[in-house]
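Read through the structure below, which is laid out as structure tokens, and then see the notes.
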Amino acid sequence: MLAYLPGFAPWIVAGVLSSFDWRWGALGGLVTGLLMMLNDRRRGIGFDALVLEISTLAYFVVIGAVSVARPDSSLAGHTDVISFVWLAATAWGSLVVWSPFTLGIAKRQTPREYWDTPGFLQVNNYITSAWGAGFTFIAVSLAVAGAVDAPAWVGITAHVVGLVAPAVYTKVYPARVQARLMALAQAPGETQPSVRAVQ
């Protein structure tokens with residue numbers, strides 16, 4: 001579960017700096033994302049495993065350009081909603097093209113021989129769906145909260161629920177699948193499945 005946290009570092013940096021100025025937030029997110037991308041490439045990680053990172057850079061390039069061109073834009077007060085809409089689109093879009101964004105993280109923890117197995121892809125489809133649902137929930141909640149001028153705790157609660165729920169699912173679901181496969185492997189007369197394929 002902790003393996004997913006670094007991928008969100010640019011968004012965290014941007015969120016902190018945006019409280020001072022959204023231009024600094026965009027720049028901070030872009031620089032953080034770029035440094036992480038360069039580090040991943042130096043470690044030999046291919047672009048196909050960097051879907052979230054590439055999407056992150058694209059977001060901060062776009063939002064950075066808007067913030068510099070129109071620093072007084074009304075979008076400045078809605079970057080929180082926009083960022084989660086972008087993340088949700090990244091998650092759902094990656095599923096549409098059969099390349100769930102969590103594959104990039106999973107491939108760093110799983111031997112290459114398991115990458116093309118059906119179980120590996122299926123687990124990542126479910127995990128990516130969980131994150132997509134979480135991002136969508138936050139985006140919608142923040143948009144509604146902003147529209148009705150809800151108190152700050154509503155937005156905070158939406159962030160917590162929308163991020164903690166998929167994080168817990170990411171930890172629990174693969175473990176359950178692995179336990180089920182191990183039980184099948186130990187059953188008499190059963191063909192031993194590839195347990196590592198779901199990690």
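Order determines the names: the first chain of the structure tokens is A, the second B, and so forth; residues in each chain are numbered 1 upward, and ligands are numbered 1 upward as they are shown.
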
Would you please extract all helix (DSSP H, G or I) residues from range 103-156 of chain A, as assigned by DSSP on the backbone, and give them as an MDAnalysis selection string?
chainID A and resid 103:107 112:114 118:147 152:156

Write the selection just made, keeping C-alpha atoms, as a short mmCIF file (atom, residue, chain, number, x, y, z; two decimals), in the first residue's frame?
```cif
data_model
loop_
_atom_site.label_atom_id
_atom_site.label_comp_id
_atom_site.auth_asym_id
_atom_site.auth_seq_id
_atom_site.Cartn_x
_atom_site.Cartn_y
_atom_site.Cartn_z
CA LEU A 103 0.34 -1.76 -13.35
CA GLY A 104 3.31 0.58 -13.20
CA ILE A 105 3.56 0.21 -9.44
CA ALA A 106 2.77 -3.51 -9.43
CA LYS A 107 5.45 -4.23 -12.04
CA ARG A 112 8.58 -9.89 -15.12
CA GLU A 113 7.41 -13.44 -15.90
CA TYR A 114 4.08 -12.71 -14.18
CA PRO A 118 -4.53 -12.88 -16.61
CA GLY A 119 -4.53 -12.79 -12.81
CA PHE A 120 -2.01 -9.97 -12.66
CA LEU A 121 -4.03 -7.80 -15.05
CA GLN A 122 -7.36 -8.63 -13.41
CA VAL A 123 -6.19 -7.66 -9.94
CA ASN A 124 -4.84 -4.37 -11.25
CA ASN A 125 -8.09 -3.69 -13.10
CA TYR A 126 -9.98 -3.96 -9.81
CA ILE A 127 -7.45 -1.89 -7.89
CA THR A 128 -7.42 0.84 -10.52
CA SER A 129 -11.23 0.84 -10.47
CA ALA A 130 -11.13 1.36 -6.71
CA TRP A 131 -8.81 4.35 -7.10
CA GLY A 132 -10.94 5.72 -9.94
CA ALA A 133 -14.02 5.48 -7.74
CA GLY A 134 -12.18 7.20 -4.90
CA PHE A 135 -10.98 10.06 -7.09
CA THR A 136 -14.45 10.46 -8.60
CA PHE A 137 -16.05 10.51 -5.15
CA ILE A 138 -13.68 13.26 -3.99
CA ALA A 139 -14.16 15.36 -7.13
CA VAL A 140 -17.96 15.18 -6.94
CA SER A 141 -18.02 15.76 -3.18
CA LEU A 142 -15.78 18.82 -3.43
CA ALA A 143 -17.79 20.24 -6.32
CA VAL A 144 -21.06 19.83 -4.41
CA ALA A 145 -19.53 21.16 -1.18
CA GLY A 146 -18.28 24.22 -3.03
CA ALA A 147 -21.64 24.81 -4.68
CA ALA A 152 -14.42 22.78 5.56
CA TRP A 153 -14.80 19.47 7.38
CA VAL A 154 -16.96 18.15 4.52
CA GLY A 155 -14.09 18.49 2.05
CA ILE A 156 -11.61 17.04 4.53
#
```

Which residues are close to range 50-62 of chain A, i.e. within 7 Å by only C-alpha atoms, leaving aside same-chain residues fewer than 3 positions away? Reply as an MDAnalysis selection string.
chainID A and resid 7 26 29:30 33:34 37 46:47 65:66 90 101 104

Find, counting only C-alpha atoms, the residue in A:Trp11, A:Thr110, A:Arg23, A:Pro166 that gets nearest to Ala69 in chain A.
A:Arg23

d(CA of Leu35 in chain A, CA of Ala9 in chain A) in Å
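That distance, rounded to one decimal, is 10.9 Å.
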
Quick one: everything within 7 Å of Trp22 in chain A, counting only C-alpha atoms, minus sequence neighbours fewer than 3 positions away in the same chain. Send it as number ranges by chain.
A: 18, 25-26, 67, 76

Go ahead and write the selection's residues with all heavy atoms as a short mmCIF file (atom, residue, chain, number, x, y, z; two decimals), in the first residue's frame.
```cif
data_model
loop_
_atom_site.label_atom_id
_atom_site.label_comp_id
_atom_site.auth_asym_id
_atom_site.auth_seq_id
_atom_site.Cartn_x
_atom_site.Cartn_y
_atom_site.Cartn_z
N SER A 18 0.02 25.49 -3.25
CA SER A 18 -1.12 26.22 -3.80
C SER A 18 -1.83 27.05 -2.75
O SER A 18 -2.57 27.99 -3.08
CB SER A 18 -2.12 25.26 -4.46
OG SER A 18 -1.58 24.70 -5.64
N GLY A 25 2.13 26.27 -6.75
CA GLY A 25 1.65 24.89 -6.64
C GLY A 25 1.90 24.11 -7.92
O GLY A 25 2.38 22.98 -7.90
N ALA A 26 1.58 24.75 -9.06
CA ALA A 26 1.79 24.10 -10.36
C ALA A 26 3.27 23.85 -10.60
O ALA A 26 3.67 22.77 -11.07
CB ALA A 26 1.21 24.97 -11.47
N SER A 67 -2.14 29.09 -15.17
CA SER A 67 -1.90 29.94 -14.01
C SER A 67 -0.96 31.09 -14.32
O SER A 67 -1.08 32.18 -13.75
CB SER A 67 -1.34 29.10 -12.85
OG SER A 67 -0.02 28.64 -13.14
N ALA A 76 -8.44 29.26 -10.31
CA ALA A 76 -7.52 29.21 -9.17
C ALA A 76 -8.20 28.66 -7.91
O ALA A 76 -7.58 27.99 -7.09
CB ALA A 76 -6.94 30.59 -8.90
#
```

CA of Gly15 in chain A to CA of Thr79 in chain A, straight-line distance in Å
8.9 Å

Interatomic distance between CA of Gln178 in chain A and CA of Ala49 in chain A?
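Between CA of Gln178 in chain A and CA of Ala49 in chain A the gap works out to 22.6 Å.
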